[in-house]
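Structure data (compact mmCIF, C-alpha atoms (C1' of nucleotides)) from protein-v5.txt:
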# COMPACT_ATOMS: atom_id res chain seq x y z
CA MET A 1 -33.87 2.96 -12.35
CA TYR A 2 -33.83 1.19 -9.01
CA LYS A 3 -36.12 -1.77 -8.51
CA LEU A 4 -36.35 -3.28 -5.05
CA ILE A 5 -36.70 -7.06 -5.22
CA LYS A 6 -36.60 -8.12 -1.62
CA THR A 7 -35.64 -6.89 1.83
CA GLU A 8 -34.58 -8.58 5.02
CA GLY A 9 -34.49 -6.18 7.92
CA ARG A 10 -32.75 -3.18 6.41
CA ALA A 11 -30.80 -5.30 3.94
CA LYS A 12 -31.92 -4.63 0.38
CA ARG A 13 -31.80 -6.83 -2.69
CA ALA A 14 -32.44 -4.80 -5.82
CA GLU A 15 -31.50 -4.19 -9.42
CA PHE A 16 -30.32 -0.92 -10.82
CA THR A 17 -30.85 -0.33 -14.51
CA THR A 18 -28.68 2.05 -16.49
CA VAL A 19 -27.98 2.80 -20.14
CA HIS A 20 -25.08 0.37 -19.85
CA GLY A 21 -27.10 -2.48 -18.44
CA THR A 22 -28.53 -3.68 -15.17
CA VAL A 23 -26.59 -4.16 -11.97
CA GLN A 24 -27.72 -6.65 -9.35
CA THR A 25 -27.26 -5.25 -5.88
CA PRO A 26 -25.74 -5.39 -3.33
CA VAL A 27 -22.71 -5.04 -5.53
CA PHE A 28 -18.99 -4.47 -5.19
CA MET A 29 -17.50 -2.12 -7.76
CA ASN A 30 -14.06 -3.18 -8.94
CA VAL A 31 -11.69 -0.25 -8.71
CA GLY A 32 -9.87 0.72 -11.91
CA THR A 33 -8.70 4.20 -11.04
CA VAL A 34 -6.93 5.01 -14.30
CA ALA A 35 -9.28 2.99 -16.48
CA ALA A 36 -7.45 -0.18 -15.59
CA ILE A 37 -7.40 -2.58 -12.68
CA LYS A 38 -3.84 -2.45 -11.41
CA GLY A 39 -2.13 -5.80 -11.73
CA ALA A 40 -2.60 -6.37 -15.46
CA VAL A 41 -6.23 -7.44 -15.18
CA SER A 42 -8.11 -6.80 -18.42
CA THR A 43 -11.78 -5.97 -18.87
CA GLU A 44 -12.13 -9.42 -20.39
CA ASP A 45 -10.72 -10.90 -17.18
CA LEU A 46 -13.13 -8.80 -15.17
CA LYS A 47 -16.14 -10.36 -16.82
CA GLN A 48 -14.81 -13.81 -15.94
CA LEU A 49 -14.31 -12.64 -12.39
CA GLY A 50 -17.98 -11.70 -12.12
CA CYS A 51 -17.50 -7.94 -12.15
CA GLN A 52 -20.72 -6.07 -12.91
CA ILE A 53 -19.54 -2.50 -12.59
CA GLN A 54 -16.21 -0.73 -12.51
CA LEU A 55 -15.06 2.41 -10.82
CA SER A 56 -12.67 4.90 -12.37
CA ASN A 57 -11.41 8.24 -11.21
CA THR A 58 -12.09 11.70 -12.53
CA TYR A 59 -8.98 13.30 -11.14
CA HIS A 60 -6.58 10.60 -12.32
CA LEU A 61 -8.02 10.47 -15.81
CA HIS A 62 -8.08 14.23 -16.07
CA VAL A 63 -4.37 14.34 -15.31
CA ARG A 64 -3.58 11.41 -17.63
CA PRO A 65 -4.46 10.83 -20.43
CA GLY A 66 -6.83 13.82 -20.16
CA ASP A 67 -10.60 13.66 -20.32
CA GLU A 68 -10.59 15.50 -23.66
CA VAL A 69 -8.50 12.69 -25.10
CA VAL A 70 -10.92 10.10 -23.77
CA LYS A 71 -13.82 12.05 -25.23
CA LYS A 72 -12.16 12.20 -28.65
CA LEU A 73 -11.72 8.45 -28.47
CA GLY A 74 -15.42 7.95 -27.85
CA GLY A 75 -15.66 7.92 -24.06
CA LEU A 76 -14.47 5.61 -21.34
CA HIS A 77 -16.52 2.58 -22.38
CA LYS A 78 -15.15 2.49 -25.88
CA PHE A 79 -11.67 3.51 -24.74
CA MET A 80 -11.26 0.68 -22.22
CA VAL A 81 -13.52 -1.78 -24.04
CA TRP A 82 -16.10 -2.26 -21.30
CA ASP A 83 -19.81 -2.27 -22.05
CA ARG A 84 -21.11 -2.55 -18.50
CA PRO A 85 -21.66 0.38 -16.12
CA ILE A 86 -18.80 2.59 -14.97
CA LEU A 87 -18.96 4.89 -11.98
CA THR A 88 -16.50 7.75 -11.89
CA ASP A 89 -15.43 9.17 -8.58
CA SER A 90 -15.47 12.95 -8.67
CA GLY A 91 -11.95 13.77 -7.59
CA GLY A 92 -13.16 15.17 -4.30
CA PHE A 93 -11.48 12.44 -2.31
CA GLN A 94 -8.18 12.87 -4.15
CA VAL A 95 -8.13 16.46 -3.03
CA PHE A 96 -8.34 15.10 0.48
CA SER A 97 -5.99 12.13 0.12
CA LEU A 98 -3.35 13.09 -2.44
CA ALA A 99 -2.91 16.81 -2.39
CA SER A 100 -0.66 18.02 0.36
CA LEU A 101 -0.78 21.50 -1.08
CA ARG A 102 -4.37 22.53 -1.56
CA LYS A 103 -6.58 25.52 -1.08
CA ILE A 104 -10.29 24.96 -0.63
CA LYS A 105 -12.45 27.90 -1.63
CA GLU A 106 -16.10 28.43 -2.38
CA GLU A 107 -15.53 28.10 -6.13
CA GLY A 108 -13.57 24.89 -5.78
CA VAL A 109 -10.12 23.57 -4.92
CA TYR A 110 -6.66 24.58 -6.08
CA PHE A 111 -4.04 21.90 -5.76
CA ASN A 112 -0.98 20.38 -7.38
CA SER A 113 -0.92 17.38 -9.67
CA HIS A 114 0.69 14.30 -8.15
CA VAL A 115 2.15 13.46 -11.58
CA ASP A 116 3.96 16.62 -12.59
CA GLY A 117 3.16 19.07 -9.82
CA ARG A 118 1.33 21.53 -12.05
CA LYS A 119 -1.46 23.63 -10.57
CA ILE A 120 -4.95 22.27 -11.06
CA PHE A 121 -8.27 23.87 -10.25
CA MET A 122 -11.29 21.69 -9.76
CA GLY A 123 -14.75 22.71 -8.72
CA PRO A 124 -18.21 21.20 -9.18
CA GLU A 125 -18.49 22.40 -12.79
CA GLN A 126 -15.02 21.17 -13.75
CA SER A 127 -15.63 17.77 -12.18
CA MET A 128 -18.95 17.41 -14.01
CA GLN A 129 -17.41 18.47 -17.31
CA ILE A 130 -14.61 15.97 -16.94
CA GLN A 131 -17.00 13.18 -16.01
CA SER A 132 -19.24 14.12 -18.91
CA ASN A 133 -16.25 13.90 -21.23
CA LEU A 134 -15.40 10.52 -19.78
CA ALA A 135 -19.06 9.61 -20.36
CA SER A 136 -19.30 7.33 -17.36
CA THR A 137 -22.61 5.76 -16.40
CA ILE A 138 -22.69 7.33 -12.96
CA ALA A 139 -20.90 10.52 -12.00
CA MET A 140 -20.20 11.32 -8.39
CA ALA A 141 -20.77 14.77 -6.96
CA PHE A 142 -17.74 16.92 -6.24
CA ASP A 143 -17.51 17.04 -2.47
CA GLU A 144 -15.09 17.76 0.30
CA CYS A 145 -14.14 14.87 2.51
CA PRO A 146 -13.20 16.38 5.85
CA SER A 147 -10.90 14.46 8.17
CA SER A 148 -12.60 12.31 10.77
CA LEU A 149 -10.56 14.31 13.26
CA ALA A 150 -11.90 17.69 12.09
CA ASP A 151 -13.74 19.75 14.67
CA ARG A 152 -17.49 20.24 14.58
CA GLU A 153 -17.38 23.82 13.41
CA TYR A 154 -15.18 23.02 10.43
CA VAL A 155 -17.24 19.96 9.50
CA GLN A 156 -20.48 21.92 9.57
CA GLN A 157 -19.04 24.63 7.36
CA SER A 158 -17.55 22.03 5.00
CA VAL A 159 -20.80 20.08 4.75
CA ASP A 160 -22.75 23.26 3.94
CA ARG A 161 -20.29 23.99 1.15
CA THR A 162 -20.60 20.42 -0.11
CA THR A 163 -24.37 20.94 -0.31
CA ARG A 164 -23.93 24.12 -2.36
CA TRP A 165 -21.46 22.28 -4.56
CA LEU A 166 -23.97 19.45 -5.05
CA ILE A 167 -26.59 21.88 -6.35
CA ARG A 168 -24.01 23.28 -8.77
CA CYS A 169 -23.13 19.72 -9.85
CA LYS A 170 -26.75 18.95 -10.56
CA ASP A 171 -27.29 22.12 -12.59
CA GLU A 172 -24.12 21.59 -14.55
CA MET A 173 -24.92 17.96 -15.31
CA GLU A 174 -28.39 18.86 -16.55
CA ARG A 175 -26.80 21.42 -18.85
CA LEU A 176 -24.15 18.98 -20.10
CA ASN A 177 -26.65 16.17 -20.65
CA SER A 178 -28.65 18.47 -22.91
CA LEU A 179 -25.70 19.34 -25.16
CA GLU A 180 -25.56 17.91 -28.65
CA ASP A 181 -22.04 16.47 -28.52
CA THR A 182 -22.33 14.89 -25.07
CA ILE A 183 -21.57 11.18 -25.39
CA ASN A 184 -23.75 9.90 -22.55
CA LYS A 185 -26.79 12.13 -22.25
CA GLU A 186 -28.25 9.79 -19.64
CA GLN A 187 -25.37 10.25 -17.20
CA MET A 188 -26.58 10.00 -13.63
CA LEU A 189 -25.40 12.03 -10.65
CA PHE A 190 -25.06 10.57 -7.16
CA GLY A 191 -24.99 12.92 -4.20
CA ILE A 192 -22.61 12.39 -1.30
CA ASN A 193 -23.42 12.58 2.38
CA GLN A 194 -20.72 14.02 4.62
CA GLY A 195 -20.47 15.08 8.24
CA ALA A 196 -17.47 13.20 9.60
CA ILE A 197 -18.40 11.45 12.84
CA PHE A 198 -21.20 13.82 13.85
CA PRO A 199 -24.47 11.90 13.40
CA ASP A 200 -26.70 14.97 13.65
CA ILE A 201 -24.78 16.86 10.98
CA ARG A 202 -24.90 13.80 8.74
CA ILE A 203 -28.63 13.25 9.26
CA GLU A 204 -29.42 16.88 8.56
CA HIS A 205 -27.26 16.73 5.45
CA ALA A 206 -28.86 13.47 4.31
CA LYS A 207 -32.29 15.09 4.52
CA ARG A 208 -31.19 18.16 2.58
CA ILE A 209 -29.56 16.30 -0.29
CA SER A 210 -32.46 13.83 -0.49
CA GLU A 211 -34.68 16.74 -1.50
CA LEU A 212 -32.67 17.11 -4.70
CA ASP A 213 -34.17 13.86 -5.97
CA LEU A 214 -30.97 12.43 -7.45
CA PRO A 215 -30.87 8.86 -8.82
CA GLY A 216 -28.59 7.66 -6.03
CA TYR A 217 -26.87 8.68 -2.83
CA SER A 218 -23.63 7.77 -1.21
CA ILE A 219 -22.05 8.05 2.17
CA GLY A 220 -18.55 9.43 2.06
CA GLY A 221 -15.92 10.27 4.62
CA LEU A 222 -16.09 6.99 6.48
CA ALA A 223 -13.37 4.41 6.97
CA VAL A 224 -10.81 7.16 7.05
CA GLY A 225 -9.32 6.39 10.43
CA GLU A 226 -12.28 6.25 12.83
CA PRO A 227 -12.98 2.96 14.67
CA ASN A 228 -15.17 0.49 12.79
CA GLU A 229 -17.86 0.66 15.45
CA VAL A 230 -18.21 4.37 14.83
CA MET A 231 -18.73 3.73 11.13
CA TYR A 232 -21.37 1.07 11.79
CA ASP A 233 -23.13 3.35 14.22
CA ILE A 234 -23.22 6.19 11.69
CA LEU A 235 -24.64 3.83 9.07
CA ASP A 236 -27.31 2.74 11.53
CA ARG A 237 -28.39 6.32 11.98
CA VAL A 238 -27.86 7.87 8.54
CA VAL A 239 -28.94 5.27 5.96
CA PRO A 240 -32.64 5.46 7.00
CA HIS A 241 -32.60 9.17 6.13
CA LEU A 242 -31.54 8.55 2.54
CA PRO A 243 -34.21 7.64 -0.05
CA GLN A 244 -35.06 3.96 0.24
CA ASN A 245 -36.21 3.72 -3.37
CA LYS A 246 -32.72 4.58 -4.60
CA PRO A 247 -29.32 2.98 -4.30
CA THR A 248 -27.11 3.76 -1.31
CA TYR A 249 -23.40 3.65 -1.91
CA LEU A 250 -20.84 3.42 0.89
CA MET A 251 -17.70 4.91 -0.59
CA GLY A 252 -14.34 3.24 -0.22
CA VAL A 253 -15.53 0.40 1.98
CA GLY A 254 -14.17 -2.08 2.70
CA THR A 255 -13.18 -5.37 4.25
CA PRO A 256 -15.47 -8.38 3.73
CA LYS A 257 -16.74 -7.80 7.26
CA ASP A 258 -17.44 -4.11 6.58
CA ILE A 259 -19.42 -5.12 3.51
CA LEU A 260 -21.53 -7.62 5.44
CA GLU A 261 -22.17 -5.01 8.12
CA GLY A 262 -22.97 -2.43 5.44
CA VAL A 263 -25.44 -4.66 3.61
CA GLU A 264 -27.17 -5.38 6.89
CA ARG A 265 -27.60 -1.63 7.33
CA GLY A 266 -29.06 -1.08 3.87
CA VAL A 267 -26.06 -0.33 1.65
CA ASP A 268 -26.28 -1.34 -2.03
CA PHE A 269 -22.95 -0.29 -3.56
CA PHE A 270 -19.43 -0.70 -2.27
CA ASP A 271 -15.97 -0.10 -3.62
CA CYS A 272 -12.58 -0.56 -2.09
CA VAL A 273 -8.96 -0.78 -3.12
CA TYR A 274 -8.36 -3.66 -0.73
CA PRO A 275 -8.82 -6.63 -3.07
CA SER A 276 -6.56 -5.10 -5.71
CA ARG A 277 -4.00 -3.24 -3.62
CA ASN A 278 -3.71 -5.97 -1.02
CA GLY A 279 -3.66 -8.55 -3.77
CA ARG A 280 -0.64 -6.88 -5.29
CA HIS A 281 1.10 -7.30 -1.97
CA GLY A 282 0.17 -10.91 -1.48
CA HIS A 283 -2.59 -10.31 1.04
CA LEU A 284 -5.32 -12.70 -0.05
CA TYR A 285 -8.93 -13.10 1.05
CA THR A 286 -10.30 -16.59 1.58
CA ASN A 287 -13.17 -18.24 3.40
CA HIS A 288 -10.72 -19.25 6.09
CA GLY A 289 -9.34 -15.82 6.84
CA THR A 290 -6.67 -13.86 5.05
CA VAL A 291 -3.57 -15.51 3.66
CA ARG A 292 -0.37 -13.49 3.56
CA LEU A 293 1.26 -15.33 0.76
CA LEU A 294 4.68 -13.78 1.34
CA ASN A 295 4.90 -15.40 4.76
CA ALA A 296 7.59 -18.05 4.95
CA GLN A 297 5.13 -20.80 5.86
CA TYR A 298 3.92 -20.96 2.24
CA GLU A 299 7.32 -21.55 0.66
CA LEU A 300 6.64 -25.24 0.09
CA ASP A 301 2.84 -25.07 0.05
CA ASP A 302 1.69 -26.92 -3.03
CA SER A 303 -2.03 -26.23 -2.50
CA PRO A 304 -4.01 -23.45 -4.21
CA ILE A 305 -4.64 -20.11 -2.47
CA GLU A 306 -8.03 -21.49 -1.51
CA GLU A 307 -9.11 -25.08 -1.88
CA GLY A 308 -12.23 -25.31 -4.02
CA CYS A 309 -11.98 -21.74 -5.37
CA ASP A 310 -12.82 -21.48 -9.03
CA CYS A 311 -10.77 -18.37 -9.84
CA PRO A 312 -8.10 -18.39 -12.55
CA ALA A 313 -5.32 -18.49 -9.96
CA CYS A 314 -6.70 -21.30 -7.82
CA ARG A 315 -7.71 -23.44 -10.76
CA HIS A 316 -4.10 -23.91 -11.86
CA TYR A 317 -1.43 -22.56 -9.55
CA SER A 318 -0.01 -23.32 -6.12
CA ARG A 319 0.65 -20.96 -3.24
CA ALA A 320 4.35 -21.79 -3.48
CA TYR A 321 4.51 -20.83 -7.14
CA ILE A 322 2.54 -17.60 -6.78
CA ARG A 323 4.62 -16.73 -3.72
CA HIS A 324 7.74 -17.20 -5.79
CA LEU A 325 6.34 -14.92 -8.50
CA LEU A 326 5.60 -12.21 -5.95
CA LYS A 327 9.07 -12.51 -4.44
CA ALA A 328 10.58 -12.28 -7.89
CA LYS A 329 8.32 -9.29 -8.57
CA GLU A 330 6.90 -10.96 -11.62
CA MET A 331 3.75 -9.28 -12.92
CA LEU A 332 2.02 -12.65 -13.17
CA GLY A 333 2.16 -12.98 -9.39
CA MET A 334 0.27 -9.73 -8.83
CA ARG A 335 -2.14 -10.54 -11.59
CA LEU A 336 -3.08 -13.92 -10.15
CA CYS A 337 -3.45 -12.51 -6.63
CA VAL A 338 -5.58 -9.57 -7.75
CA MET A 339 -7.77 -11.88 -9.79
CA HIS A 340 -8.26 -14.19 -6.84
CA ASN A 341 -9.25 -11.31 -4.56
CA LEU A 342 -11.65 -9.74 -7.07
CA TYR A 343 -13.20 -13.13 -7.65
CA PHE A 344 -13.57 -13.56 -3.90
CA TYR A 345 -15.24 -10.15 -3.51
CA ASN A 346 -17.59 -10.61 -6.45
CA LYS A 347 -18.47 -14.09 -5.20
CA LEU A 348 -19.09 -12.71 -1.74
CA MET A 349 -21.61 -10.25 -3.19
CA GLU A 350 -23.28 -13.00 -5.17
CA GLU A 351 -23.66 -15.07 -2.01
CA ILE A 352 -25.06 -12.06 -0.20
CA ARG A 353 -27.65 -11.50 -2.95
CA ASP A 354 -28.62 -15.17 -2.89
CA ALA A 355 -28.93 -15.07 0.88
CA ILE A 356 -31.27 -12.08 0.79
CA ASP A 357 -33.25 -13.66 -2.05
CA ASN A 358 -33.69 -16.73 0.14
CA GLY A 359 -34.47 -14.75 3.26
CA CYS A 360 -31.48 -16.06 5.16
CA PHE A 361 -29.07 -13.12 5.14
CA ALA A 362 -28.86 -12.95 8.92
CA SER A 363 -27.70 -16.52 9.34
CA TYR A 364 -25.48 -16.31 6.26
CA LYS A 365 -23.78 -13.23 7.66
CA LYS A 366 -23.15 -14.88 11.01
CA GLU A 367 -21.60 -17.97 9.45
CA LYS A 368 -19.55 -16.00 6.97
CA LEU A 369 -18.11 -13.74 9.65
CA GLU A 370 -17.04 -16.76 11.65
CA LYS A 371 -15.36 -18.28 8.63
CA ILE A 372 -13.51 -15.24 7.38
CA SER A 373 -12.20 -14.33 10.80
CA GLU A 374 -10.39 -17.66 11.06
CA GLN A 375 -6.67 -17.28 10.89
C1' G B 1 57.98 -13.42 -5.80
C1' U B 2 57.70 -7.80 -4.82
C1' G B 3 54.76 -3.44 -3.66
C1' G B 4 50.02 -1.59 -2.30
C1' G B 5 44.77 -2.05 -0.78
C1' U B 6 40.78 -4.56 1.84
C1' A B 7 38.88 -7.92 5.81
C1' U B 8 32.54 -5.26 10.39
C1' G B 9 25.15 -9.49 10.62
C1' G B 10 23.02 -13.26 4.10
C1' C B 11 24.90 -9.08 0.47
C1' G B 12 26.89 -3.97 0.04
C1' C B 13 28.88 -0.54 3.27
C1' A B 14 29.47 3.64 7.80
C1' G B 15 32.15 3.75 11.97
C1' U B 16 35.00 10.62 13.32
C1' U B 17 41.83 12.49 17.09
C1' G B 18 41.07 4.88 20.67
C1' G B 19 35.50 6.08 25.02
C1' C B 20 28.84 4.27 27.20
C1' U B 21 24.38 -1.67 25.26
C1' A B 22 28.74 -1.31 17.01
C1' G B 23 25.23 1.58 13.06
C1' C B 24 22.95 2.12 7.82
C1' G B 25 20.82 0.32 3.03
C1' C B 26 19.13 -4.09 0.70
C1' G B 27 17.55 -8.90 2.01
C1' C B 28 15.05 -11.88 5.80
C1' C B 29 10.78 -12.39 9.67
C1' A B 30 6.08 -10.28 11.27
C1' G B 31 2.20 -6.45 11.25
C1' A B 32 -0.49 -2.14 9.29
C1' U B 33 -3.09 -0.25 4.88
C1' U B 34 -10.75 1.22 3.43
C1' G B 35 -13.93 7.09 -2.91
C1' U B 36 -5.36 3.19 -5.32
C1' G B 37 1.09 7.32 -6.47
C1' G B 38 2.80 -0.80 -8.76
C1' C B 39 3.43 2.37 -2.82
C1' U B 40 4.21 3.74 2.04
C1' C B 41 4.60 2.93 7.15
C1' U B 42 5.59 0.15 11.90
C1' G B 43 8.00 -3.51 14.61
C1' G B 44 11.57 -7.84 14.92
C1' A B 45 15.60 -11.46 14.30
C1' G B 46 20.60 -11.64 12.93
C1' G B 47 27.54 -9.47 14.25
C1' C B 48 32.83 -13.35 19.88
C1' C B 49 34.13 -6.32 14.10
C1' G B 50 39.32 -12.41 9.48
C1' U B 51 42.83 -15.29 13.29
C1' G B 52 46.51 -14.94 17.20
C1' G B 53 49.39 -11.80 20.15
C1' G B 54 50.65 -6.78 22.02
C1' U B 55 50.05 -1.37 23.77
C1' U B 56 46.20 1.00 27.02
C1' C B 57 42.00 2.18 32.57
C1' G B 58 39.58 1.14 27.81
C1' A B 59 40.81 -1.40 20.89
C1' G B 60 36.20 -2.21 15.28
C1' U B 61 39.74 1.96 15.61
C1' C B 62 46.99 1.92 17.29
C1' C B 63 51.39 -1.95 16.76
C1' C B 64 53.29 -7.05 15.21
C1' A B 65 52.56 -11.78 12.97
C1' C B 66 49.53 -15.00 10.33
C1' U B 67 45.40 -16.17 6.94
C1' A B 68 42.11 -14.83 2.99
C1' U B 69 41.11 -11.76 -1.04
C1' C B 70 41.82 -7.78 -4.77
C1' C B 71 45.06 -4.58 -7.82
C1' A B 72 49.78 -3.38 -10.04
C1' C B 73 54.64 -4.95 -11.33
C1' C B 74 58.30 -8.88 -12.21

I need this file expressed as structure tokens, please.
Amino acid sequence: MYKLIKTEGRAKRAEFTTVHGTVQTPVFMNVGTVAAIKGAVSTEDLKQLGCQIQLSNTYHLHVRPGDEVVKKLGGLHKFMVWDRPILTDSGGFQVFSLASLRKIKEEGVYFNSHVDGRKIFMGPEQSMQIQSNLASTIAMAFDECPSSLADREYVQQSVDRTTRWLIRCKDEMERLNSLEDTINKEQMLFGINQGAIFPDIRIEHAKRISELDLPGYSIGGLAVGEPNEVMYDILDRVVPHLPQNKPTYLMGVGTPKDILEGVERGVDFFDCVYPSRNGRHGHLYTNHGTVRLLNAQYELDDSPIEEGCDCPACRHYSRAYIRHLLKAKEMLGMRLCVMHNLYFYNKLMEEIRDAIDNGCFASYKKEKLEKISEQ
RNA sequence: GUGGGUAUGGCGCAGUUGGCUAGCGCGCCAGAUUGUGGCUCUGGAGGCCGUGGGUUCGAGUCCCACUAUCCACC
């Protein structure tokens, strides 16, 4: 259930209530693809880092350990010891990003596993079944994410198929939620808007999927190579055509700047691999721009990653020490960097929520952008 | 001491029958990365080819001496 608390322009401050608790939005979902945040960050750590909701992946968990296994062990929440909401991505994007060998047909997609190369078939029904087995809080629709370079004709045809797939997802989820042995009978389905960089196709699609009255909607297929301005422009045009009394989720985005721009345009949910993946490689986010900790200038730097930061890394350790750990490929180095970045992202969202609450998001955004673009 | 091998950027190596501005991996320096394959990619710096002679139009490549180092034998 989505409850709007306050708005400023198009920016929305709301809370989203689920069977696994309430999420304050705008929110950043911490990405734990295989039911774990890479970098040895535990669910206990995540709570300390201010994480409200995690994201895991249907495709990855289907391949390993297998959604049936997770189901037998009581579902994802019990399995990974996390009692807050979990959103599972449908696997649609992996078909686009991982599978070099794939065949997209009306019934679904045939492709090869990235782990052992075996043939896998996934369609709307399979994706829903897997996500139902995982028993996540929110399941994403199985969609196709066409390349931002795809031509108009292909995109239109792909989007039409994604719509048909969405209807199949909805039917299948309703069926699964009514079954006796389903773990989470309140599982929610979010639809996904596609249309590459063609605003009219996206708007038309947004209208069509809005009619299905799903509990939330997302915008997919952005930040996949097109210029940032194009993404912002599409958000400007498409978000108003999605239901305003439901959460809007911008998939896979993004940088702190992208998030500020997204919130301004009415986005509630974000997720991105940046804080964790970049953290693992020593690329750290601070209020004074990004710090590339592997750069030689930090060899003798005895200060924390960010002065005044209250994260577990900054409270105790110096840049020089963490840099050394990364160079030595010690797990602790990655762990501290990932924790700092997740803390930064979650803190950023908290500040954004406070700013909207206080009616000063516009000025907050301006100041924040100036700060984080320092270098 | 004798015989044999090896000496090429920080490290490990390629360098064809002598032929244009000497390559490669790792490391180093810098940059990318947007619904995660603990990756990957893109640039860059760095070498009087152990030293000294010689042969040749031309030598990292051939010859001589020296030095260093490794192996075997005494």

Residues of chain B within 7 Å of chain A, counting all atoms listed in the file, as a ChimeraX atom specification: /B:34-36

What would the list of residues within 10 Å of (41.7, -12.2, -1.5) (file frame) look like as a PyMOL selection string, if all atoms listed in the file are what count? chain B and resi 6-7+68-70

Quick one: residues within 7 Å of region 297-305 of chain A, only C-alpha atoms (C1' of nucleotides) counted, chain neighbours fewer than 6 positions away excluded, as a PyMOL selection string? chain A and resi 314+317-320

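In this structure, CA of Val69 (chain A) sits 16.0 Å away from CA of Ala36 (chain A).
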
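Residues within 10 Å of Pro199 (chain A), counting only C-alpha atoms (C1' of nucleotides) and excluding same-chain residues fewer than 6 positions away, are His205, Val230, Asp233, Ile234, Leu235, Asp236, Arg237 and Val238 of chain A.
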
Box in all listed atoms of region 41-50 of chain B, axis-aligned, with 8 Å more on each side; write out centre and edge lengths in Å to one decimal as AutoDock Vina command-line options.
--center_x 22.0 --center_y -5.2 --center_z 13.5 --size_x 50.7 --size_y 32.3 --size_z 28.7

List every protein, DNA or RNA residue that has an atom no more than 7 Å from (-7.5, -13.3, -3.8) in the file's coordinate frame, counting all atoms listed in the file, and report them as a PyMOL selection string. chain A and resi 275+279+284-286+337-344

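When all atoms listed in the file are used to measure the gap to Thr58 (chain A), the shortest distance among A:Ala11, A:Met122, A:Val27, A:Val41 belongs to A:Met122.
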
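As for CA of Leu73 (chain A) and CA of Tyr110 (chain A), they are spaced 28.1 Å apart.
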
In Å, how far is it from CA of Gln54 (chain A) to CA of Phe28 (chain A)? 8.7 Å

Considering all atoms listed in the file, return as an MDAnalysis selection string whatever protein or nucleic-acid residues lie within 10 Å of Leu242 (chain A), sequence-local ones (same chain, fewer than 5 positions apart) excluded. chainID A and resid 193 203 205:211 216:219 247:248

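Distances here use only C-alpha atoms (C1' of nucleotides); by that measure, the residue among B:U33, B:U17, B:A72, B:G47 closest to G4 (chain B) is B:A72.
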
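Nearest to U8 (chain B) of all the residues B:C39, B:C74, B:C63, B:A22 is B:A22, counting all atoms listed in the file.
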